[in-house]
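Here's the structure, in structure tokens; my notes come after.
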Amino acid sequence: MNLTANRRPPFDDLLPTVEWQVNGKCNYDCTYCIQSRKTRVGIPDHARAAAIIAVFGTLPGRWEIKMSGGEPFANPSFVRHIVPALVQQTPHRVSVLTNFSAPAKVLEAFCRTLGSRLRVTSASLHLEFDALEAFTDKARLYRELRAEHNPGSSFVVNSVLVPGRLREQLEVKSALEEAGFRYFPQLMKIKGGVFPYSGRDKRLVERLTGGSFDPRVVNRAPSYRGLHCEAGAWYFTVDQSGDAWMCRTGKRHAHDEEREAFMGNLADGTFALRRHGGPCRYSICPCTVPVLRKVVRLPQ
């Protein structure tokens, strides 16, 4: 498979990124999860995961492989096989989006295996399943693990702004920031867009976000329609089966008869990068990764 190894990103500040849904399974069942229960299934077998990683090893240059799920640590092979294979078989850096439920000894093995290759840990706090104090204590322990094994990595705590439960987020924000952690609020997404908050909740959202629209501060899931985006060329998403899509929204909006965002499958040899990007065609960008990695080109 030739992925044109000599290619370079068209912009010096663009960080090539893959978002890999390592498995569909999640050990939580949050009432506000945008992923439907019927899609939160499936763990790739060893051969399929190995084939996906082999393709990652052929990507041009150095990428960030951001792993999510479901819950990536719910894949029994995640720390034992997948993470070591990424380190051994690719030059890429690794990030993870996790509900932070993995035991401390598993998190320690994860940090130790990745070493300097760990870039970002995004830990999602779900108050339906986690107590704030216990979550914060584990975050402190993880800070010590990262200081020992991954001193160049960063850590952020995501939390969904669930309608009707925003006052408890004020406590979350205060406690996390007092403990020295970065709090990153996310507006709740529903099919087709962002939840229509009531007037009272809107005021609380603005208190929690400080009124910021900066994607480094809050995820408001805006639209970048019409702006140049290198999705498909220097950014793409992969699900647990190996199917690849230009972006999350492209996958969500795809139909069997209209699969313009589909890029093939990494495990069966049909995957191909696009040559270049183009104008964004979608009304929502549900994740801040494309804009923060400069895949989406904002006006200067």
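Starting from 1 in every chain, residues are counted up; chains themselves are A, B, ... following the order of the structure tokens, and ligands are numbered from 1 as listed.
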
* Please identify which residues in stretch 84-295 of chain A DSSP calls strand (DSSP E) from the backbone, and express them as a VMD selection string. => chain A and resid 93 to 98 118 to 124 154 to 161 182 to 187 189 to 190 193 to 194 228 to 229 235 to 238 243 to 245 262 to 265 278 to 279

* Asked: Could you name the residues that touch stretch 126-129 of chain A at 12 Å or less, counting only C-alpha atoms, but leaving out those on the same chain fewer than 2 positions away, as a PyMOL selection string?
  -> chain A and resi 27-33+98-101+123-124+131-135+157-162+165-166+168-169+171-172+185-186

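Within 12 Å of A:Pro76, once only C-alpha atoms are used and residues closer than 2 positions along the same chain are dropped, the contacting residues are Val22, Asn23, Lys25, Cys26, Ile43, Pro44, Asp45, His46, Glu71, Pro72, Phe73, Ala74, Phe78, Val79, Arg80, His81, Ile82, Val83, Ala102 and Val106 of chain A.
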
Based on the selection just made, write N, CA, C and O atoms of those residues as a PDB file, in the first residue's frame.
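Wrote it out as again-v5.pdb, contents follow:
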ATOM      1  N   VAL A  22     -10.817   2.505  18.960  1.00  0.00           N
ATOM      2  CA  VAL A  22     -10.146   1.223  19.186  1.00  0.00           C
ATOM      3  C   VAL A  22     -11.138   0.091  19.416  1.00  0.00           C
ATOM      4  O   VAL A  22     -10.871  -1.060  19.090  1.00  0.00           O
ATOM      5  N   ASN A  23     -12.265   0.400  19.981  1.00  0.00           N
ATOM      6  CA  ASN A  23     -13.352  -0.565  20.105  1.00  0.00           C
ATOM      7  C   ASN A  23     -14.649   0.186  20.342  1.00  0.00           C
ATOM      8  O   ASN A  23     -14.638   1.348  20.770  1.00  0.00           O
ATOM      9  N   LYS A  25     -17.120  -1.011  22.383  1.00  0.00           N
ATOM     10  CA  LYS A  25     -17.620  -1.304  23.721  1.00  0.00           C
ATOM     11  C   LYS A  25     -17.255  -0.211  24.719  1.00  0.00           C
ATOM     12  O   LYS A  25     -16.150   0.322  24.696  1.00  0.00           O
ATOM     13  N   CYS A  26     -18.205   0.102  25.599  1.00  0.00           N
ATOM     14  CA  CYS A  26     -17.942   1.024  26.700  1.00  0.00           C
ATOM     15  C   CYS A  26     -18.512   0.425  27.974  1.00  0.00           C
ATOM     16  O   CYS A  26     -19.596  -0.166  27.970  1.00  0.00           O
ATOM     17  N   ILE A  43     -15.237  -5.323  19.387  1.00  0.00           N
ATOM     18  CA  ILE A  43     -13.825  -5.196  19.692  1.00  0.00           C
ATOM     19  C   ILE A  43     -13.062  -5.881  18.569  1.00  0.00           C
ATOM     20  O   ILE A  43     -13.315  -7.055  18.285  1.00  0.00           O
ATOM     21  N   PRO A  44     -12.148  -5.200  17.894  1.00  0.00           N
ATOM     22  CA  PRO A  44     -11.443  -5.839  16.774  1.00  0.00           C
ATOM     23  C   PRO A  44     -10.567  -6.980  17.263  1.00  0.00           C
ATOM     24  O   PRO A  44      -9.955  -6.897  18.331  1.00  0.00           O
ATOM     25  N   ASP A  45     -10.522  -8.063  16.473  1.00  0.00           N
ATOM     26  CA  ASP A  45      -9.639  -9.160  16.852  1.00  0.00           C
ATOM     27  C   ASP A  45      -8.190  -8.759  16.590  1.00  0.00           C
ATOM     28  O   ASP A  45      -7.903  -7.700  16.026  1.00  0.00           O
ATOM     29  N   HIS A  46      -7.274  -9.609  17.024  1.00  0.00           N
ATOM     30  CA  HIS A  46      -5.853  -9.270  16.952  1.00  0.00           C
ATOM     31  C   HIS A  46      -5.413  -9.002  15.517  1.00  0.00           C
ATOM     32  O   HIS A  46      -4.670  -8.047  15.256  1.00  0.00           O
ATOM     33  N   GLU A  71     -14.851   2.852  25.022  1.00  0.00           N
ATOM     34  CA  GLU A  71     -13.791   3.119  25.989  1.00  0.00           C
ATOM     35  C   GLU A  71     -12.572   2.286  25.603  1.00  0.00           C
ATOM     36  O   GLU A  71     -12.629   1.056  25.614  1.00  0.00           O
ATOM     37  N   PRO A  72     -11.463   2.934  25.216  1.00  0.00           N
ATOM     38  CA  PRO A  72     -10.308   2.169  24.728  1.00  0.00           C
ATOM     39  C   PRO A  72      -9.773   1.164  25.738  1.00  0.00           C
ATOM     40  O   PRO A  72      -9.371   0.055  25.367  1.00  0.00           O
ATOM     41  N   PHE A  73      -9.782   1.510  27.036  1.00  0.00           N
ATOM     42  CA  PHE A  73      -9.249   0.588  28.037  1.00  0.00           C
ATOM     43  C   PHE A  73     -10.178  -0.607  28.268  1.00  0.00           C
ATOM     44  O   PHE A  73      -9.796  -1.563  28.946  1.00  0.00           O
ATOM     45  N   ALA A  74     -11.401  -0.576  27.706  1.00  0.00           N
ATOM     46  CA  ALA A  74     -12.299  -1.724  27.784  1.00  0.00           C
ATOM     47  C   ALA A  74     -11.927  -2.800  26.774  1.00  0.00           C
ATOM     48  O   ALA A  74     -12.480  -3.898  26.811  1.00  0.00           O
ATOM     49  N   PHE A  78      -5.788  -3.557  24.593  1.00  0.00           N
ATOM     50  CA  PHE A  78      -5.352  -2.177  24.404  1.00  0.00           C
ATOM     51  C   PHE A  78      -3.952  -1.935  24.950  1.00  0.00           C
ATOM     52  O   PHE A  78      -3.043  -1.521  24.229  1.00  0.00           O
ATOM     53  N   VAL A  79      -3.748  -2.184  26.233  1.00  0.00           N
ATOM     54  CA  VAL A  79      -2.442  -1.914  26.854  1.00  0.00           C
ATOM     55  C   VAL A  79      -1.455  -3.042  26.587  1.00  0.00           C
ATOM     56  O   VAL A  79      -0.261  -2.807  26.415  1.00  0.00           O
ATOM     57  N   ARG A  80      -1.954  -4.270  26.505  1.00  0.00           N
ATOM     58  CA  ARG A  80      -1.057  -5.424  26.348  1.00  0.00           C
ATOM     59  C   ARG A  80      -0.480  -5.546  24.941  1.00  0.00           C
ATOM     60  O   ARG A  80       0.667  -5.970  24.777  1.00  0.00           O
ATOM     61  N   HIS A  81      -1.281  -5.195  23.916  1.00  0.00           N
ATOM     62  CA  HIS A  81      -0.842  -5.452  22.543  1.00  0.00           C
ATOM     63  C   HIS A  81      -0.873  -4.209  21.645  1.00  0.00           C
ATOM     64  O   HIS A  81       0.071  -3.948  20.902  1.00  0.00           O
ATOM     65  N   ILE A  82      -1.967  -3.443  21.687  1.00  0.00           N
ATOM     66  CA  ILE A  82      -2.141  -2.348  20.740  1.00  0.00           C
ATOM     67  C   ILE A  82      -1.152  -1.220  21.000  1.00  0.00           C
ATOM     68  O   ILE A  82      -0.467  -0.760  20.072  1.00  0.00           O
ATOM     69  N   VAL A  83      -1.052  -0.773  22.242  1.00  0.00           N
ATOM     70  CA  VAL A  83      -0.127   0.323  22.554  1.00  0.00           C
ATOM     71  C   VAL A  83       1.327  -0.070  22.266  1.00  0.00           C
ATOM     72  O   VAL A  83       2.056   0.687  21.613  1.00  0.00           O
ATOM     73  N   ALA A 102     -10.030   2.941  34.119  1.00  0.00           N
ATOM     74  CA  ALA A 102      -9.028   1.881  34.213  1.00  0.00           C
ATOM     75  C   ALA A 102      -8.336   1.901  35.565  1.00  0.00           C
ATOM     76  O   ALA A 102      -8.078   2.972  36.129  1.00  0.00           O
ATOM     77  N   VAL A 106      -3.127  -0.424  35.505  1.00  0.00           N
ATOM     78  CA  VAL A 106      -3.253  -0.419  34.045  1.00  0.00           C
ATOM     79  C   VAL A 106      -2.791   0.923  33.487  1.00  0.00           C
ATOM     80  O   VAL A 106      -2.084   0.983  32.475  1.00  0.00           O
TER      81      VAL A 106
END

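Shortest separation to A:Asp201 among A:Gly164, A:Gly242, A:Gly42, A:Gly232 occurs at residue A:Gly164, atoms counted being only C-alpha atoms.
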
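Put simply, atom CA of A:Phe184 is 12.1 Å away from atom CA of A:Phe213.
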
* To do: Within 12 Å of stretch 279-288 of chain A, counting only C-alpha atoms, which residues show up once you throw out same-chain ones fewer than 4 positions away? Write them as a ChimeraX atom specification, please.
  => /A:19,34,97,122,158,184-194,213-232,237,246-254,260-261,292-298

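Distances to A:Phe110 were evaluated for A:Arg203, A:Arg37, A:Arg143, A:His149 using only C-alpha atoms, and the minimum falls at A:His149.
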
* DSSP says helix (DSSP H, G or I) for which residues of stretch 25-261 of chain A? Put them as a PyMOL selection string? -> chain A and resi 37-39+46-56+72-74+78-89+104-117+132-149+167-178+199-209+248-253

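Between A:Val94 and the residues A:Gln240, A:Thr270, A:Gln300, A:Ser153, the shortest atom-to-atom distance, using only C-alpha atoms, involves A:Ser153.
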
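The residue that comes closest to A:Ala272, out of A:Ala233, A:Ser68, A:Leu176, A:Ser241 and on the basis of only C-alpha atoms, is A:Ala233.
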
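Considering only C-alpha atoms, the residue among A:Leu118, A:Ala50, A:Ala104, A:Cys111 positioned nearest to A:Glu148 is A:Cys111.
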
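Atom pair atom CA of A:Ser95 / atom CA of A:Glu177: separated by 21.9 Å.
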
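Across the structure, atom CA of A:Ser174 and atom CA of A:Pro103 are spaced 25.2 Å apart.
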